[in-house]
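A.B. asks: coords.pdb is the file, holding PDB, C-alpha atoms, pLDDT in the B column:
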```pdb
ATOM      1  CA  MET A   1      32.825 124.355 100.970  1.00 44.00           C
ATOM      2  CA  SER A   2      32.619 124.022  97.158  1.00 46.00           C
ATOM      3  CA  MET A   3      34.284 127.443  96.751  1.00 45.00           C
ATOM      4  CA  ILE A   4      37.074 126.375  99.075  1.00 43.00           C
ATOM      5  CA  THR A   5      37.572 123.222  97.048  1.00 43.00           C
ATOM      6  CA  GLU A   6      37.743 125.141  93.790  1.00 41.00           C
ATOM      7  CA  LEU A   7      40.279 127.656  95.102  1.00 39.00           C
ATOM      8  CA  PHE A   8      42.512 125.463  97.234  1.00 41.00           C
ATOM      9  CA  GLY A   9      41.872 121.891  96.180  1.00 45.00           C
ATOM     10  CA  ARG A  10      39.585 119.409  97.840  1.00 58.00           C
ATOM     11  CA  SER A  11      38.536 120.027 101.420  1.00 70.00           C
ATOM     12  CA  PRO A  12      40.220 117.756 103.996  1.00 80.00           C
ATOM     13  CA  VAL A  13      37.160 117.678 106.248  1.00 86.00           C
ATOM     14  CA  ARG A  14      35.295 114.731 104.718  1.00 90.00           C
ATOM     15  CA  PRO A  15      38.466 112.609 104.371  1.00 92.00           C
ATOM     16  CA  MET A  16      39.227 113.369 108.031  1.00 93.00           C
ATOM     17  CA  GLN A  17      35.756 112.135 108.949  1.00 95.00           C
ATOM     18  CA  ARG A  18      36.238 108.950 106.916  1.00 96.00           C
ATOM     19  CA  HIS A  19      39.567 108.370 108.622  1.00 97.00           C
ATOM     20  CA  MET A  20      37.980 108.754 112.057  1.00 97.00           C
ATOM     21  CA  ALA A  21      35.285 106.255 111.062  1.00 97.00           C
ATOM     22  CA  ALA A  22      38.009 103.769 110.101  1.00 97.00           C
ATOM     23  CA  ALA A  23      39.779 104.285 113.433  1.00 98.00           C
ATOM     24  CA  VAL A  24      36.542 103.735 115.365  1.00 98.00           C
ATOM     25  CA  SER A  25      35.894 100.564 113.341  1.00 98.00           C
ATOM     26  CA  CYS A  26      39.173  99.257 114.752  1.00 97.00           C
ATOM     27  CA  ALA A  27      38.068 100.111 118.289  1.00 98.00           C
ATOM     28  CA  ARG A  28      34.782  98.242 117.833  1.00 98.00           C
ATOM     29  CA  GLU A  29      36.752  95.076 117.080  1.00 98.00           C
ATOM     30  CA  MET A  30      37.926  95.026 120.694  1.00 98.00           C
ATOM     31  CA  ALA A  31      34.680  93.295 121.720  1.00 97.00           C
ATOM     32  CA  PRO A  32      35.012  90.221 119.458  1.00 98.00           C
ATOM     33  CA  LEU A  33      38.714  90.039 120.316  1.00 98.00           C
ATOM     34  CA  ILE A  34      37.892  89.939 124.028  1.00 98.00           C
ATOM     35  CA  GLU A  35      35.271  87.255 123.484  1.00 98.00           C
ATOM     36  CA  ALA A  36      37.799  85.136 121.585  1.00 98.00           C
ATOM     37  CA  MET A  37      40.269  85.617 124.440  1.00 98.00           C
ATOM     38  CA  SER A  38      37.584  84.678 126.971  1.00 98.00           C
ATOM     39  CA  GLU A  39      36.865  81.469 125.061  1.00 97.00           C
ATOM     40  CA  GLY A  40      40.549  80.661 124.814  1.00 96.00           C
ATOM     41  CA  ASP A  41      40.107  80.232 121.058  1.00 97.00           C
ATOM     42  CA  LEU A  42      43.484  81.012 119.506  1.00 97.00           C
ATOM     43  CA  ASP A  43      42.138  80.630 115.967  1.00 98.00           C
ATOM     44  CA  LYS A  44      39.465  83.249 116.639  1.00 98.00           C
ATOM     45  CA  ILE A  45      42.055  85.540 118.185  1.00 98.00           C
ATOM     46  CA  ALA A  46      44.116  85.225 114.997  1.00 98.00           C
ATOM     47  CA  ILE A  47      41.049  86.013 112.882  1.00 98.00           C
ATOM     48  CA  CYS A  48      40.331  89.098 115.009  1.00 98.00           C
ATOM     49  CA  ARG A  49      43.915  90.210 114.608  1.00 98.00           C
ATOM     50  CA  THR A  50      43.675  89.906 110.828  1.00 98.00           C
ATOM     51  CA  GLN A  51      40.436  91.879 110.787  1.00 97.00           C
ATOM     52  CA  ILE A  52      41.967  94.646 112.900  1.00 98.00           C
ATOM     53  CA  ASP A  53      45.105  94.665 110.738  1.00 98.00           C
ATOM     54  CA  ASP A  54      42.928  95.161 107.642  1.00 97.00           C
ATOM     55  CA  LEU A  55      41.023  98.034 109.244  1.00 97.00           C
ATOM     56  CA  GLU A  56      44.221  99.668 110.485  1.00 97.00           C
ATOM     57  CA  HIS A  57      45.674  99.389 106.983  1.00 97.00           C
ATOM     58  CA  LYS A  58      42.597 101.133 105.597  1.00 96.00           C
ATOM     59  CA  ALA A  59      43.054 103.921 108.166  1.00 96.00           C
ATOM     60  CA  ASP A  60      46.720 104.210 107.162  1.00 96.00           C
ATOM     61  CA  GLU A  61      45.816 104.540 103.488  1.00 96.00           C
ATOM     62  CA  LEU A  62      43.349 107.311 104.295  1.00 95.00           C
ATOM     63  CA  LYS A  63      45.957 109.036 106.475  1.00 95.00           C
ATOM     64  CA  HIS A  64      48.579 109.000 103.723  1.00 93.00           C
ATOM     65  CA  ASP A  65      46.029 110.259 101.202  1.00 92.00           C
ATOM     66  CA  ILE A  66      45.044 113.154 103.478  1.00 91.00           C
ATOM     67  CA  ARG A  67      48.658 114.101 104.140  1.00 89.00           C
ATOM     68  CA  GLY A  68      49.477 113.921 100.443  1.00 86.00           C
ATOM     69  CA  HIS A  69      46.626 116.197  99.391  1.00 79.00           C
ATOM     70  CA  LEU A  70      46.450 118.600 102.331  1.00 78.00           C
ATOM     71  CA  PRO A  71      47.190 122.134 101.075  1.00 69.00           C
ATOM     72  CA  LYS A  72      49.882 124.086 102.871  1.00 65.00           C
ATOM     73  CA  ARG A  73      47.393 126.887 103.442  1.00 57.00           C
ATOM     74  CA  LEU A  74      43.756 126.159 104.227  1.00 55.00           C
ATOM     75  CA  PHE A  75      41.028 128.648 103.428  1.00 51.00           C
ATOM     76  CA  MET A  76      39.202 127.979 106.673  1.00 54.00           C
ATOM     77  CA  ALA A  77      39.493 128.570 110.421  1.00 57.00           C
ATOM     78  CA  MET A  78      42.172 125.906 110.727  1.00 69.00           C
ATOM     79  CA  GLU A  79      45.847 125.579 109.999  1.00 76.00           C
ATOM     80  CA  ARG A  80      47.427 122.591 108.288  1.00 80.00           C
ATOM     81  CA  ARG A  81      49.214 121.818 111.562  1.00 86.00           C
ATOM     82  CA  ASP A  82      45.862 121.627 113.392  1.00 87.00           C
ATOM     83  CA  MET A  83      44.490 119.091 110.939  1.00 88.00           C
ATOM     84  CA  LEU A  84      47.640 116.980 111.101  1.00 92.00           C
ATOM     85  CA  GLU A  85      47.588 116.888 114.908  1.00 94.00           C
ATOM     86  CA  ILE A  86      43.971 115.723 114.932  1.00 94.00           C
ATOM     87  CA  LEU A  87      44.792 113.186 112.221  1.00 95.00           C
ATOM     88  CA  ASP A  88      47.650 111.785 114.312  1.00 97.00           C
ATOM     89  CA  TYR A  89      45.412 111.306 117.347  1.00 97.00           C
ATOM     90  CA  GLN A  90      42.813 109.566 115.209  1.00 97.00           C
ATOM     91  CA  ASP A  91      45.422 107.320 113.624  1.00 97.00           C
ATOM     92  CA  SER A  92      46.895 106.403 116.999  1.00 98.00           C
ATOM     93  CA  ILE A  93      43.511 104.946 118.003  1.00 98.00           C
ATOM     94  CA  ALA A  94      43.773 102.388 115.212  1.00 98.00           C
ATOM     95  CA  ASP A  95      47.469 101.780 115.946  1.00 98.00           C
ATOM     96  CA  ARG A  96      46.863 101.042 119.624  1.00 98.00           C
ATOM     97  CA  VAL A  97      44.031  98.595 118.922  1.00 98.00           C
ATOM     98  CA  GLN A  98      46.326  96.879 116.444  1.00 98.00           C
ATOM     99  CA  ASP A  99      49.001  96.647 119.160  1.00 98.00           C
ATOM    100  CA  MET A 100      46.462  95.010 121.475  1.00 98.00           C
ATOM    101  CA  ALA A 101      45.467  92.439 118.868  1.00 98.00           C
ATOM    102  CA  GLU A 102      49.078  91.646 117.982  1.00 98.00           C
ATOM    103  CA  LEU A 103      50.073  91.106 121.597  1.00 98.00           C
ATOM    104  CA  ALA A 104      47.022  88.922 122.229  1.00 98.00           C
ATOM    105  CA  ALA A 105      47.781  86.784 119.175  1.00 98.00           C
ATOM    106  CA  MET A 106      51.545  86.488 119.615  1.00 97.00           C
ATOM    107  CA  ARG A 107      51.319  85.505 123.282  1.00 96.00           C
ATOM    108  CA  GLY A 108      48.094  83.504 122.973  1.00 97.00           C
ATOM    109  CA  MET A 109      46.559  85.562 125.757  1.00 97.00           C
ATOM    110  CA  ILE A 110      43.607  83.813 127.395  1.00 97.00           C
ATOM    111  CA  LEU A 111      41.432  86.144 129.446  1.00 98.00           C
ATOM    112  CA  PRO A 112      41.163  84.821 133.035  1.00 97.00           C
ATOM    113  CA  GLU A 113      37.626  84.384 134.308  1.00 97.00           C
ATOM    114  CA  ALA A 114      38.298  86.753 137.220  1.00 97.00           C
ATOM    115  CA  MET A 115      38.966  89.575 134.746  1.00 98.00           C
ATOM    116  CA  ARG A 116      36.300  88.966 132.124  1.00 98.00           C
ATOM    117  CA  ASP A 117      33.495  91.200 133.361  1.00 98.00           C
ATOM    118  CA  SER A 118      35.783  94.138 134.104  1.00 98.00           C
ATOM    119  CA  VAL A 119      37.620  93.873 130.790  1.00 98.00           C
ATOM    120  CA  ARG A 120      34.351  93.699 128.871  1.00 98.00           C
ATOM    121  CA  GLU A 121      33.191  96.814 130.676  1.00 98.00           C
ATOM    122  CA  LEU A 122      36.458  98.557 129.915  1.00 98.00           C
ATOM    123  CA  ALA A 123      36.085  97.774 126.218  1.00 98.00           C
ATOM    124  CA  ARG A 124      32.479  98.989 126.235  1.00 98.00           C
ATOM    125  CA  THR A 125      33.400 102.354 127.739  1.00 98.00           C
ATOM    126  CA  VAL A 126      36.405 102.748 125.436  1.00 98.00           C
ATOM    127  CA  VAL A 127      34.283 102.154 122.343  1.00 98.00           C
ATOM    128  CA  ILE A 128      31.592 104.590 123.556  1.00 98.00           C
ATOM    129  CA  THR A 129      34.308 107.222 124.045  1.00 98.00           C
ATOM    130  CA  CYS A 130      35.640 106.638 120.532  1.00 98.00           C
ATOM    131  CA  GLU A 131      32.161 106.818 119.036  1.00 98.00           C
ATOM    132  CA  MET A 132      31.544 110.114 120.816  1.00 98.00           C
ATOM    133  CA  ALA A 133      34.795 111.484 119.404  1.00 98.00           C
ATOM    134  CA  GLU A 134      33.633 110.415 115.949  1.00 97.00           C
ATOM    135  CA  THR A 135      30.368 112.302 116.491  1.00 96.00           C
ATOM    136  CA  VAL A 136      32.369 115.416 117.353  1.00 96.00           C
ATOM    137  CA  VAL A 137      34.567 115.071 114.261  1.00 95.00           C
ATOM    138  CA  ASN A 138      31.453 114.685 112.129  1.00 94.00           C
ATOM    139  CA  GLU A 139      30.498 118.214 113.209  1.00 91.00           C
ATOM    140  CA  LEU A 140      33.693 119.650 111.752  1.00 87.00           C
ATOM    141  CA  ASP A 141      32.143 120.573 108.409  1.00 84.00           C
ATOM    142  CA  GLU A 142      29.359 122.441 110.219  1.00 85.00           C
ATOM    143  CA  LEU A 143      31.931 124.301 112.298  1.00 84.00           C
ATOM    144  CA  VAL A 144      33.830 125.299 109.179  1.00 79.00           C
ATOM    145  CA  GLU A 145      30.679 126.517 107.431  1.00 79.00           C
ATOM    146  CA  THR A 146      29.734 128.686 110.425  1.00 78.00           C
ATOM    147  CA  GLY A 147      33.279 130.007 110.803  1.00 76.00           C
ATOM    148  CA  PHE A 148      33.604 128.418 114.252  1.00 77.00           C
ATOM    149  CA  ARG A 149      30.945 130.763 115.630  1.00 79.00           C
ATOM    150  CA  GLY A 150      27.377 130.737 116.918  1.00 82.00           C
ATOM    151  CA  ARG A 151      25.140 127.986 118.244  1.00 87.00           C
ATOM    152  CA  GLU A 152      27.045 125.243 116.459  1.00 87.00           C
ATOM    153  CA  VAL A 153      30.068 126.034 118.604  1.00 89.00           C
ATOM    154  CA  GLU A 154      28.004 125.796 121.788  1.00 90.00           C
ATOM    155  CA  ARG A 155      26.586 122.471 120.646  1.00 92.00           C
ATOM    156  CA  VAL A 156      30.018 121.032 119.872  1.00 93.00           C
ATOM    157  CA  GLU A 157      31.446 122.305 123.161  1.00 94.00           C
ATOM    158  CA  ALA A 158      28.678 120.419 124.995  1.00 95.00           C
ATOM    159  CA  MET A 159      29.503 117.291 123.000  1.00 96.00           C
ATOM    160  CA  ILE A 160      33.182 117.587 123.896  1.00 96.00           C
ATOM    161  CA  ARG A 161      32.279 117.860 127.598  1.00 96.00           C
ATOM    162  CA  GLU A 162      30.251 114.670 127.199  1.00 97.00           C
ATOM    163  CA  LEU A 163      33.238 113.061 125.495  1.00 97.00           C
ATOM    164  CA  GLY A 164      35.354 113.955 128.538  1.00 97.00           C
ATOM    165  CA  ALA A 165      32.799 112.334 130.836  1.00 98.00           C
ATOM    166  CA  PHE A 166      32.929 109.130 128.792  1.00 98.00           C
ATOM    167  CA  GLU A 167      36.730 109.107 128.955  1.00 98.00           C
ATOM    168  CA  THR A 168      36.536 109.460 132.744  1.00 98.00           C
ATOM    169  CA  GLU A 169      34.179 106.489 132.826  1.00 98.00           C
ATOM    170  CA  ALA A 170      36.697 104.508 130.779  1.00 98.00           C
ATOM    171  CA  ASP A 171      39.439 105.443 133.264  1.00 98.00           C
ATOM    172  CA  ARG A 172      37.319 104.134 136.137  1.00 98.00           C
ATOM    173  CA  ALA A 173      36.607 100.924 134.240  1.00 98.00           C
ATOM    174  CA  GLY A 174      40.345 100.589 133.652  1.00 98.00           C
ATOM    175  CA  GLU A 175      41.013 100.859 137.377  1.00 98.00           C
ATOM    176  CA  VAL A 176      38.501  98.108 138.100  1.00 98.00           C
ATOM    177  CA  ALA A 177      40.138  95.898 135.473  1.00 98.00           C
ATOM    178  CA  LEU A 178      43.557  96.526 137.021  1.00 98.00           C
ATOM    179  CA  GLN A 179      42.233  95.606 140.460  1.00 98.00           C
ATOM    180  CA  ALA A 180      40.946  92.349 139.004  1.00 98.00           C
ATOM    181  CA  LEU A 181      44.353  91.746 137.415  1.00 98.00           C
ATOM    182  CA  PHE A 182      46.253  92.378 140.645  1.00 97.00           C
ATOM    183  CA  SER A 183      43.895  90.072 142.556  1.00 97.00           C
ATOM    184  CA  ILE A 184      45.258  87.117 140.530  1.00 98.00           C
ATOM    185  CA  GLU A 185      48.798  88.428 140.067  1.00 97.00           C
ATOM    186  CA  LYS A 186      50.399  85.454 141.831  1.00 96.00           C
ATOM    187  CA  GLU A 187      48.545  82.998 139.611  1.00 96.00           C
ATOM    188  CA  LEU A 188      49.522  84.788 136.414  1.00 96.00           C
ATOM    189  CA  GLY A 189      53.183  85.285 137.175  1.00 95.00           C
ATOM    190  CA  VAL A 190      55.035  86.963 134.294  1.00 95.00           C
ATOM    191  CA  ASP A 191      51.787  87.256 132.316  1.00 96.00           C
ATOM    192  CA  THR A 192      50.770  89.989 134.751  1.00 97.00           C
ATOM    193  CA  PHE A 193      53.168  92.358 132.983  1.00 97.00           C
ATOM    194  CA  PHE A 194      51.647  91.699 129.565  1.00 98.00           C
ATOM    195  CA  TRP A 195      48.099  92.090 130.848  1.00 98.00           C
ATOM    196  CA  TYR A 196      49.121  95.349 132.515  1.00 98.00           C
ATOM    197  CA  GLN A 197      50.444  96.566 129.171  1.00 98.00           C
ATOM    198  CA  TRP A 198      47.319  95.401 127.333  1.00 98.00           C
ATOM    199  CA  LEU A 199      44.952  97.142 129.732  1.00 98.00           C
ATOM    200  CA  GLY A 200      47.057 100.289 129.566  1.00 98.00           C
ATOM    201  CA  TRP A 201      46.718 100.333 125.791  1.00 98.00           C
ATOM    202  CA  ALA A 202      42.950  99.937 126.090  1.00 98.00           C
ATOM    203  CA  GLU A 203      42.767 102.967 128.383  1.00 98.00           C
ATOM    204  CA  GLU A 204      45.041 104.881 126.021  1.00 98.00           C
ATOM    205  CA  VAL A 205      42.567 104.360 123.167  1.00 98.00           C
ATOM    206  CA  ALA A 206      39.927 106.257 125.162  1.00 98.00           C
ATOM    207  CA  ASN A 207      42.469 108.925 126.076  1.00 98.00           C
ATOM    208  CA  LEU A 208      43.369 109.428 122.412  1.00 98.00           C
ATOM    209  CA  ALA A 209      39.696 109.794 121.540  1.00 98.00           C
ATOM    210  CA  GLU A 210      39.379 112.518 124.158  1.00 98.00           C
ATOM    211  CA  LYS A 211      42.449 114.255 122.743  1.00 97.00           C
ATOM    212  CA  VAL A 212      40.709 114.472 119.361  1.00 97.00           C
ATOM    213  CA  GLY A 213      37.890 116.422 121.007  1.00 95.00           C
ATOM    214  CA  ASN A 214      40.210 118.556 123.106  1.00 95.00           C
ATOM    215  CA  ARG A 215      42.219 119.558 120.037  1.00 93.00           C
ATOM    216  CA  LEU A 216      39.019 120.669 118.329  1.00 90.00           C
ATOM    217  CA  LEU A 217      38.108 122.588 121.478  1.00 89.00           C
ATOM    218  CA  LEU A 218      41.362 124.534 121.146  1.00 87.00           C
ATOM    219  CA  LEU A 219      40.393 125.435 117.581  1.00 81.00           C
ATOM    220  CA  ILE A 220      37.051 126.731 118.795  1.00 81.00           C
ATOM    221  CA  ALA A 221      38.694 128.748 121.567  1.00 77.00           C
ATOM    222  CA  ASN A 222      41.048 130.392 119.097  1.00 71.00           C
TER
END
```
Since I need it in another form, could you write the structure as structure tokens?
C.D. replies:
Amino acid sequence: MSMITELFGRSPVRPMQRHMAAAVSCAREMAPLIEAMSEGDLDKIAICRTQIDDLEHKADELKHDIRGHLPKRLFMAMERRDMLEILDYQDSIADRVQDMAELAAMRGMILPEAMRDSVRELARTVVITCEMAETVVNELDELVETGFRGREVERVEAMIRELGAFETEADRAGEVALQALFSIEKELGVDTFFWYQWLGWAEEVANLAEKVGNRLLLLIAN
């Protein structure tokens, strides 16, 4: 890795890992946001939004830094395009969580009691999926050092399969949350639409995390 850095500038791998960590930090803030929404505490919701905004801004700064310093040709088993695609998926995790916090704050969304357990479970599975994607990304330097060959590849492939299983669990949790939403649709009225959007974004966060792993799987396959 040091030779690569000397010849082609700094390696993008560690910055990519730091960016993923920042994106996952955003995802973890879903839990306190949901608790604030369960309590109906608009001040706490606003505080959660600010915290998520700050974390998303940090992720954006890291993204711009990576893009600005990424060499056009990489002396490793990856193309610049590959790194940028993975970076975009990672960044979209932070963006979607920010969207969720903004919608919750702007509309003063109070989580109905009938939805609380299912939404908490959805958030838990989404965060686990994101954390698993982060674990996979943290193996990227090992993959590069081994030239995307050998036992390290087998280990990462197993991790990506586990990531897919977590994403499936998040999908199921999302379905349960939607069922809870539709059970009180008449009570919520127009708010049903906004909750449908909010839950869809939560599921999308898990889907984006899986895409990070799947994109790395394509690199391994090639």
A.B. asks: Given the point (40.6, 89.0, 128.0) in the file's coordinates, find the residues that have an atom at most 6 Å from it, counting only C-alpha atoms, and give them as a ChimeraX atom specification.
C.D. replies: /A:34,37-38,111,116
A.B. asks: Keeping only C-alpha atoms, take the residues you just selected and write them out as a short mmCIF file (atom, residue, chain, number, x, y, z; two decimals), keeping the file's coordinate frame.
C.D. replies:
```
data_model
loop_
_atom_site.label_atom_id
_atom_site.label_comp_id
_atom_site.auth_asym_id
_atom_site.auth_seq_id
_atom_site.Cartn_x
_atom_site.Cartn_y
_atom_site.Cartn_z
CA ILE A 34 37.89 89.94 124.03
CA MET A 37 40.27 85.62 124.44
CA SER A 38 37.58 84.68 126.97
CA LEU A 111 41.43 86.14 129.45
CA ARG A 116 36.30 88.97 132.12
#
```
A.B. asks: Check what the PyMOL selection byres ((chain A and resi 211-214) around 8) selects in the file above and give those residues as a PyMOL selection string.
C.D. replies: chain A and resi 86+89-90+133+136-137+160+163+207-210+215-218
A.B. asks: Keeping only C-alpha atoms, write the selected residues to a file as a JSON list (two decimals), keeping the file's coordinate frame.
C.D. replies:
```json
[["chain", "number", "residue", "atom", "x", "y", "z"],
["A", 86, "ILE", "CA", 43.97, 115.72, 114.93],
["A", 89, "TYR", "CA", 45.41, 111.31, 117.35],
["A", 90, "GLN", "CA", 42.81, 109.57, 115.21],
["A", 133, "ALA", "CA", 34.80, 111.48, 119.40],
["A", 136, "VAL", "CA", 32.37, 115.42, 117.35],
["A", 137, "VAL", "CA", 34.57, 115.07, 114.26],
["A", 160, "ILE", "CA", 33.18, 117.59, 123.90],
["A", 163, "LEU", "CA", 33.24, 113.06, 125.50],
["A", 207, "ASN", "CA", 42.47, 108.92, 126.08],
["A", 208, "LEU", "CA", 43.37, 109.43, 122.41],
["A", 209, "ALA", "CA", 39.70, 109.79, 121.54],
["A", 210, "GLU", "CA", 39.38, 112.52, 124.16],
["A", 215, "ARG", "CA", 42.22, 119.56, 120.04],
["A", 216, "LEU", "CA", 39.02, 120.67, 118.33],
["A", 217, "LEU", "CA", 38.11, 122.59, 121.48],
["A", 218, "LEU", "CA", 41.36, 124.53, 121.15]]
```
A.B. asks: Mind pulling up the distance from CA of Asp91 in chain A to CA of Asp65 in chain A?
C.D. replies: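 One can read the CA of Asp65 in chain A to CA of Asp91 in chain A distance as 12.8 Å.
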A.B. asks: Selected by the PyMOL selection byres ((chain A and resi 52-56) around 8) in the shown coordinates: which residues, as a PyMOL selection string?
C.D. replies: chain A and resi 22-23+25-26+29+48-51+57-60+94-95+97-98+101
A.B. asks: Go ahead and compute the interatomic distance for CA of Asp99 in chain A and CA of Ser183 in chain A, in Å to one decimal.
C.D. replies: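 Computing it gives 24.8 Å between the two atoms.
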A.B. asks: Could you tell me how far CA of Glu167 in chain A lies from CA of Glu145 in chain A, in Å and to one decimal?
C.D. replies: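 It comes out at 28.3 Å.
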A.B. asks: Within 8 Å of Val153 in chain A, counting all atoms listed in the file, which residues show up once you throw out same-chain ones fewer than 4 positions away? Write them as a PyMOL selection string, please.
C.D. replies: chain A and resi 143+148-149+157+220
A.B. asks: Decode the PyMOL selection byres ((chain A and resi 31-33) around 10) for the given file into explicit residues and return them as a PyMOL selection string.
C.D. replies: chain A and resi 27-30+34-39+41+44-49+51-52+100-101+104-105+119-124+127
A.B. asks: Just need the box for range 16-21 of chain A, edges along x, y and z, holding every atom the file lists for it with 3 Å tacked onto each side, so centre and edge lengths in Å to one decimal, as JSON.
C.D. replies:
```
{"center_x": 37.4, "center_y": 109.8, "center_z": 109.5, "size_x": 10.3, "size_y": 13.1, "size_z": 11.1}
```
A.B. asks: For Thr135 in chain A, find every residue with an atom within 12 Å (counting only C-alpha atoms), except residues of its own chain fewer than 6 positions away, and show them as a list in words.
C.D. replies: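 Residues near the query, excluding close chain neighbours: Gln17, Arg18, Met20, Ala21, Val24, Ile128, Thr129, Asp141, Glu142, Arg155, Val156, Ala158, Met159, Ile160, Glu162, Leu163, Ala209, Glu210, Val212 and Gly213 of chain A.
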A.B. asks: Write out the residues from the selection above, keeping C-alpha atoms, as a PDB file, in the frame of the given file.
C.D. replies:
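Saved to again.pdb:
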```
ATOM      1  CA  GLN A  17      35.756 112.135 108.949  1.00 95.00           C
ATOM      2  CA  ARG A  18      36.238 108.950 106.916  1.00 96.00           C
ATOM      3  CA  MET A  20      37.980 108.754 112.057  1.00 97.00           C
ATOM      4  CA  ALA A  21      35.285 106.255 111.062  1.00 97.00           C
ATOM      5  CA  VAL A  24      36.542 103.735 115.365  1.00 98.00           C
ATOM      6  CA  ILE A 128      31.592 104.590 123.556  1.00 98.00           C
ATOM      7  CA  THR A 129      34.308 107.222 124.045  1.00 98.00           C
ATOM      8  CA  ASP A 141      32.143 120.573 108.409  1.00 84.00           C
ATOM      9  CA  GLU A 142      29.359 122.441 110.219  1.00 85.00           C
ATOM     10  CA  ARG A 155      26.586 122.471 120.646  1.00 92.00           C
ATOM     11  CA  VAL A 156      30.018 121.032 119.872  1.00 93.00           C
ATOM     12  CA  ALA A 158      28.678 120.419 124.995  1.00 95.00           C
ATOM     13  CA  MET A 159      29.503 117.291 123.000  1.00 96.00           C
ATOM     14  CA  ILE A 160      33.182 117.587 123.896  1.00 96.00           C
ATOM     15  CA  GLU A 162      30.251 114.670 127.199  1.00 97.00           C
ATOM     16  CA  LEU A 163      33.238 113.061 125.495  1.00 97.00           C
ATOM     17  CA  ALA A 209      39.696 109.794 121.540  1.00 98.00           C
ATOM     18  CA  GLU A 210      39.379 112.518 124.158  1.00 98.00           C
ATOM     19  CA  VAL A 212      40.709 114.472 119.361  1.00 97.00           C
ATOM     20  CA  GLY A 213      37.890 116.422 121.007  1.00 95.00           C
TER      21      GLY A 213
END
```
A.B. asks: From the list A:Met132, A:Ile184, A:Met83, A:Ala206, which residue is nearest Ala170 in chain A when using all atoms listed in the file?
C.D. replies: A:Ala206
A.B. asks: Can you work out which one of A:Val13, A:Met109, A:Leu103, A:Ala202 has the shortest atom-to-atom distance to Leu178 in chain A, counting all atoms listed in the file?
C.D. replies: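 The closest residue to Leu178 in chain A is A:Ala202.
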A.B. asks: Restricting the calculation to all atoms listed in the file, which member of A:Leu199, A:Cys130, A:Leu87, A:Gly68 is positioned closest to Phe182 in chain A?
C.D. replies: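 Answer, going by the shortest atom-to-atom distance: A:Leu199.
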A.B. asks: Nearest to Arg107 in chain A: which of A:Gly40, A:Glu203, A:Arg81, A:His19 is it, counting only C-alpha atoms?
C.D. replies: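 Of the candidates, the smallest distance to Arg107 in chain A is held by A:Gly40.
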